[in-house]
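**Q** For reference, the file entry.cif (mmCIF, C-alpha atoms, pLDDT in the B column; chains and numbers go by the auth columns) is included below:
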```cif
data_protein
#
loop_
_atom_site.group_PDB
_atom_site.id
_atom_site.type_symbol
_atom_site.label_atom_id
_atom_site.label_comp_id
_atom_site.label_asym_id
_atom_site.label_seq_id
_atom_site.Cartn_x
_atom_site.Cartn_y
_atom_site.Cartn_z
_atom_site.B_iso_or_equiv
_atom_site.auth_seq_id
_atom_site.auth_asym_id
ATOM 1 C CA MET A 1 7.423 -8.094 4.511 86.00 1 A
ATOM 2 C CA ILE A 2 6.273 -4.624 5.361 90.00 2 A
ATOM 3 C CA GLN A 3 7.543 -2.452 8.188 93.00 3 A
ATOM 4 C CA PHE A 4 5.746 0.432 9.861 95.00 4 A
ATOM 5 C CA ILE A 5 8.113 3.256 10.745 95.00 5 A
ATOM 6 C CA ASP A 6 5.804 5.369 12.920 95.00 6 A
ATOM 7 C CA GLY A 7 2.271 5.713 14.248 94.00 7 A
ATOM 8 C CA PRO A 8 0.418 3.111 16.312 94.00 8 A
ATOM 9 C CA ALA A 9 2.046 0.175 14.478 94.00 9 A
ATOM 10 C CA LYS A 10 5.589 1.585 14.817 96.00 10 A
ATOM 11 C CA GLY A 11 8.252 -1.129 14.677 95.00 11 A
ATOM 12 C CA ILE A 12 5.794 -3.834 13.598 94.00 12 A
ATOM 13 C CA ALA A 13 6.649 -5.977 10.561 93.00 13 A
ATOM 14 C CA ILE A 14 4.033 -8.188 8.925 90.00 14 A
ATOM 15 C CA PRO A 15 4.093 -10.493 5.908 86.00 15 A
ATOM 16 C CA PHE A 16 2.106 -8.861 3.121 80.00 16 A
ATOM 17 C CA ALA A 17 2.903 -8.915 -0.574 72.00 17 A
ATOM 18 C CA PRO A 18 0.161 -7.973 -3.022 72.00 18 A
ATOM 19 C CA ALA A 19 1.273 -6.890 -6.452 68.00 19 A
ATOM 20 C CA PRO A 20 1.561 -3.988 -6.833 75.00 20 A
ATOM 21 C CA MET A 21 1.972 -2.773 -3.264 80.00 21 A
ATOM 22 C CA PRO A 22 -0.766 -0.273 -2.455 85.00 22 A
ATOM 23 C CA ILE A 23 0.364 3.316 -1.968 86.00 23 A
ATOM 24 C CA PHE A 24 -2.159 3.729 0.841 90.00 24 A
ATOM 25 C CA LEU A 25 -2.764 0.837 3.217 91.00 25 A
ATOM 26 C CA ARG A 26 -5.301 0.291 5.978 91.00 26 A
ATOM 27 C CA VAL A 27 -3.821 -1.306 9.084 91.00 27 A
ATOM 28 C CA ALA A 28 -5.841 -2.599 12.037 89.00 28 A
ATOM 29 C CA LEU A 29 -5.095 -4.040 15.428 87.00 29 A
ATOM 30 C CA ASP A 30 -7.098 -7.235 15.955 82.00 30 A
ATOM 31 C CA PRO A 31 -8.534 -6.857 19.478 80.00 31 A
ATOM 32 C CA GLN A 32 -8.745 -10.606 20.073 80.00 32 A
ATOM 33 C CA THR A 33 -5.238 -11.635 19.006 83.00 33 A
ATOM 34 C CA GLN A 34 -3.564 -8.236 19.577 85.00 34 A
ATOM 35 C CA THR A 35 -1.836 -8.578 16.186 86.00 35 A
ATOM 36 C CA TRP A 36 -1.649 -6.007 13.394 89.00 36 A
ATOM 37 C CA GLN A 37 -3.269 -6.814 10.042 87.00 37 A
ATOM 38 C CA ALA A 38 -3.029 -5.176 6.651 87.00 38 A
ATOM 39 C CA ILE A 39 -6.468 -4.712 5.119 85.00 39 A
ATOM 40 C CA HIS A 40 -6.448 -4.846 1.348 80.00 40 A
ATOM 41 C CA ARG A 41 -9.258 -5.316 -1.199 73.00 41 A
ATOM 42 C CA VAL A 42 -11.960 -6.051 1.364 74.00 42 A
ATOM 43 C CA ASP A 43 -14.484 -4.246 3.532 72.00 43 A
ATOM 44 C CA TYR A 44 -13.579 -4.054 7.226 74.00 44 A
ATOM 45 C CA ASP A 45 -16.019 -5.014 9.961 74.00 45 A
ATOM 46 C CA GLY A 46 -13.793 -4.788 13.043 69.00 46 A
ATOM 47 C CA PRO A 47 -14.216 -2.433 15.998 66.00 47 A
ATOM 48 C CA ALA A 48 -14.350 1.341 15.522 61.00 48 A
ATOM 49 C CA GLY A 49 -11.248 3.468 15.900 62.00 49 A
ATOM 50 C CA GLN A 50 -8.854 0.596 15.351 79.00 50 A
ATOM 51 C CA VAL A 51 -7.994 1.227 11.690 88.00 51 A
ATOM 52 C CA HIS A 52 -5.186 3.548 10.647 92.00 52 A
ATOM 53 C CA ALA A 53 -4.170 4.796 7.201 92.00 53 A
ATOM 54 C CA TYR A 54 -0.518 4.378 6.236 94.00 54 A
ATOM 55 C CA ILE A 55 1.317 5.585 3.151 91.00 55 A
ATOM 56 C CA LEU A 56 4.134 3.861 1.261 90.00 56 A
ATOM 57 C CA THR A 57 7.422 5.691 1.864 88.00 57 A
ATOM 58 C CA ALA A 58 9.206 4.527 -1.327 84.00 58 A
ATOM 59 C CA GLU A 59 8.833 1.936 -4.054 81.00 59 A
ATOM 60 C CA PRO A 60 9.219 -1.573 -2.603 84.00 60 A
ATOM 61 C CA THR A 61 12.317 -3.688 -3.147 85.00 61 A
ATOM 62 C CA PHE A 62 12.383 -7.405 -3.864 83.00 62 A
ATOM 63 C CA THR A 63 14.623 -10.279 -2.836 84.00 63 A
ATOM 64 C CA MET A 64 14.605 -13.740 -4.398 84.00 64 A
ATOM 65 C CA VAL A 65 15.143 -16.569 -1.910 84.00 65 A
ATOM 66 C CA ASP A 66 15.757 -20.254 -2.651 84.00 66 A
ATOM 67 C CA ASP A 67 13.650 -22.223 -0.183 80.00 67 A
ATOM 68 C CA GLY A 68 14.479 -25.899 -0.720 82.00 68 A
ATOM 69 C CA GLY A 69 14.492 -25.650 -4.496 82.00 69 A
ATOM 70 C CA ILE A 70 11.497 -23.311 -4.626 84.00 70 A
ATOM 71 C CA ARG A 71 12.275 -19.710 -5.527 85.00 71 A
ATOM 72 C CA LYS A 72 10.279 -17.199 -3.535 82.00 72 A
ATOM 73 C CA ARG A 73 10.024 -13.470 -3.997 79.00 73 A
ATOM 74 C CA ILE A 74 10.085 -11.470 -0.782 82.00 74 A
ATOM 75 C CA VAL A 75 8.809 -7.916 -0.913 84.00 75 A
ATOM 76 C CA HIS A 76 10.307 -5.284 1.398 89.00 76 A
ATOM 77 C CA ALA A 77 8.345 -2.082 1.911 90.00 77 A
ATOM 78 C CA SER A 78 7.991 0.543 4.589 92.00 78 A
ATOM 79 C CA TYR A 79 4.934 2.575 5.467 94.00 79 A
ATOM 80 C CA ALA A 80 4.499 5.776 7.493 93.00 80 A
ATOM 81 C CA ILE A 81 1.324 6.967 9.152 94.00 81 A
ATOM 82 C CA SER A 82 -0.691 9.211 6.834 90.00 82 A
ATOM 83 C CA PRO A 83 -0.776 12.822 8.073 87.00 83 A
ATOM 84 C CA VAL A 84 -4.501 12.855 7.265 85.00 84 A
ATOM 85 C CA GLN A 85 -6.622 10.039 8.690 89.00 85 A
ATOM 86 C CA PRO A 86 -9.927 8.957 7.115 88.00 86 A
ATOM 87 C CA LEU A 87 -13.272 8.842 8.861 88.00 87 A
ATOM 88 C CA ASP A 88 -14.154 5.474 10.359 85.00 88 A
ATOM 89 C CA ALA A 89 -16.803 4.888 7.661 84.00 89 A
ATOM 90 C CA ASP A 90 -14.206 5.511 4.928 86.00 90 A
ATOM 91 C CA VAL A 91 -11.888 2.754 6.141 85.00 91 A
ATOM 92 C CA ARG A 92 -14.653 0.181 6.491 83.00 92 A
ATOM 93 C CA ASP A 93 -16.084 0.294 2.964 85.00 93 A
ATOM 94 C CA LEU A 94 -13.779 -0.626 0.071 85.00 94 A
ATOM 95 C CA LEU A 95 -15.329 1.838 -2.387 87.00 95 A
ATOM 96 C CA ALA A 96 -15.230 4.687 0.151 88.00 96 A
ATOM 97 C CA TRP A 97 -11.593 3.776 0.910 88.00 97 A
ATOM 98 C CA LYS A 98 -10.665 3.945 -2.789 86.00 98 A
ATOM 99 C CA LEU A 99 -12.342 7.342 -3.133 87.00 99 A
ATOM 100 C CA TRP A 100 -10.535 8.607 -0.011 88.00 100 A
ATOM 101 C CA THR A 101 -7.134 7.466 -1.273 87.00 101 A
ATOM 102 C CA GLY A 102 -7.740 9.132 -4.642 84.00 102 A
ATOM 103 C CA ALA A 103 -8.653 12.392 -2.924 83.00 103 A
ATOM 104 C CA MET A 104 -5.649 12.200 -0.586 82.00 104 A
ATOM 105 C CA THR A 105 -3.278 12.229 -3.536 74.00 105 A
ATOM 106 C CA TRP A 106 -4.160 15.928 -3.930 73.00 106 A
ATOM 107 C CA VAL A 107 -4.708 16.913 -0.272 72.00 107 A
ATOM 108 C CA LEU A 108 -1.381 15.753 1.169 70.00 108 A
ATOM 109 C CA PRO A 109 1.351 18.298 1.949 68.00 109 A
ATOM 110 C CA PHE A 110 3.386 19.117 -1.164 67.00 110 A
ATOM 111 C CA PRO A 111 6.583 17.052 -0.638 70.00 111 A
ATOM 112 C CA LEU A 112 4.527 13.952 0.215 71.00 112 A
ATOM 113 C CA ARG A 113 2.001 14.602 -2.580 70.00 113 A
ATOM 114 C CA ARG A 114 4.832 14.959 -5.095 71.00 114 A
ATOM 115 C CA ARG A 115 6.366 11.639 -4.022 73.00 115 A
ATOM 116 C CA VAL A 116 2.980 9.859 -4.262 74.00 116 A
ATOM 117 C CA VAL A 117 2.271 11.278 -7.721 73.00 117 A
ATOM 118 C CA GLU A 118 5.771 10.285 -8.882 76.00 118 A
ATOM 119 C CA MET A 119 5.193 6.705 -7.651 74.00 119 A
ATOM 120 C CA ILE A 120 1.819 6.554 -9.423 71.00 120 A
ATOM 121 C CA TRP A 121 3.241 7.857 -12.719 68.00 121 A
ATOM 122 C CA GLY A 122 6.236 5.539 -12.399 75.00 122 A
ATOM 123 C CA ARG A 123 3.831 2.624 -12.209 71.00 123 A
ATOM 124 C CA VAL A 124 1.807 3.935 -15.164 71.00 124 A
ATOM 125 C CA HIS A 125 4.943 4.287 -17.319 74.00 125 A
ATOM 126 C CA GLU A 126 6.162 0.801 -16.314 80.00 126 A
ATOM 127 C CA HIS A 127 2.773 -0.678 -17.242 75.00 127 A
ATOM 128 C CA ARG A 128 2.815 1.084 -20.628 82.00 128 A
ATOM 129 C CA ARG A 129 6.387 -0.099 -21.288 84.00 129 A
ATOM 130 C CA ARG A 130 5.409 -3.708 -20.552 84.00 130 A
ATOM 131 C CA GLN A 131 2.351 -3.411 -22.802 84.00 131 A
ATOM 132 C CA ALA A 132 4.498 -2.101 -25.643 85.00 132 A
ATOM 133 C CA GLU A 133 7.033 -4.919 -25.185 87.00 133 A
ATOM 134 C CA SER A 134 4.310 -7.573 -25.241 84.00 134 A
ATOM 135 C CA GLU A 135 2.815 -6.072 -28.428 83.00 135 A
ATOM 136 C CA VAL A 136 6.244 -6.165 -30.083 83.00 136 A
ATOM 137 C CA LYS A 137 6.688 -9.815 -29.087 80.00 137 A
ATOM 138 C CA ARG A 138 3.290 -10.705 -30.515 79.00 138 A
ATOM 139 C CA GLY A 139 4.277 -8.943 -33.710 67.00 139 A
#
```
Would you mind writing the structure in this file as structure tokens?
**A**
Amino acid sequence: MIQFIDGPAKGIAIPFAPAPMPIFLRVALDPQTQTWQAIHRVDYDGPAGQVHAYILTAEPTFTMVDDGGIRKRIVHASYAISPVQPLDADVRDLLAWKLWTGAMTWVLPFPLRRRVVEMIWGRVHEHRRRQAESEVKRG
């Protein structure tokens, strides 16, 4: 479950749990259903001006829930509106979105940029640690 702490989607919580959680997330208001949607790993063909860029505020937390004998992992994350918003064309095309998010890592104000870079490197180090452990297990 992700929560939006400010911006147009303030106070909205939606179920969304890709692994890993994206640092930048596109969020759109569906004009027909008037519901907010997280857009991840796809192009967007909705109406113009309805997509907003959000940034992860901290690494997500996880809760394990027993649902009738089936264990489920629930992800909890919060996002804040990005201080820099992409052009409409950049949120619609997946490749353009990826390039924009990469550039934003270095354009954001320093305290926010530092936090984003720390999250990215934390993920890189965790991935390398897991790779090393699996190589040890394989012997």
**Q** Atom CA of A:His52 and atom CA of A:His76 are how many Å apart?
**A**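 Rounded to one decimal, the two atoms are 20.1 Å apart.
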**Q** Work out how far atom CA of A:Arg41 is from atom CA of A:Thr57, in Å to one decimal.
**A**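 Taking atom CA of A:Thr57 and atom CA of A:Arg41, their separation equals 20.2 Å.
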**Q** Quote the spacing between atom CA of A:Phe24 and atom CA of A:Tyr79 in Å to one decimal place.
**A**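 These two atoms are separated by 8.5 Å.
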**Q** Evaluated on this file, the PyMOL selection byres ((chain A and resi 80) around 9) picks out some residues - which ones are they, written as number ranges by chain?
**A** A: 3-7, 10, 53-57, 78-79, 81-83
**Q** Identify all residues satisfying the PyMOL selection byres ((chain A and resi 59) around 9) in the given file; provide them as an MDAnalysis selection string.
**A** chainID A and resid 21 23 56:58 60:61 77:78 119
**Q** Quick one: which residues end up in the PyMOL selection byres ((chain A and resi 27) around 6) for this structure, as a VMD selection string?
**A** chain A and resid 26 28 37 to 39 51 to 52
**Q** Nearest residue to A:Ala17 out of A:Ile120, A:Val65, A:Ile74, A:Ala103, using only C-alpha atoms?
**A**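 Ranked by minimum distance to A:Ala17, first place goes to A:Ile74.
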**Q** Which residue is closest to A:Ile12? Choose from A:Val75, A:Leu29, A:Met64, A:Leu87 and count all atoms listed in the file.
**A** A:Leu29
**Q** Select, from A:Ser134, A:Asp43, A:Met1, A:Asp90, the residue with the minimum atom-to-atom distance to A:Phe62, counting only C-alpha atoms.
**A**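 The shortest atom-to-atom distance to A:Phe62 comes from A:Met1.
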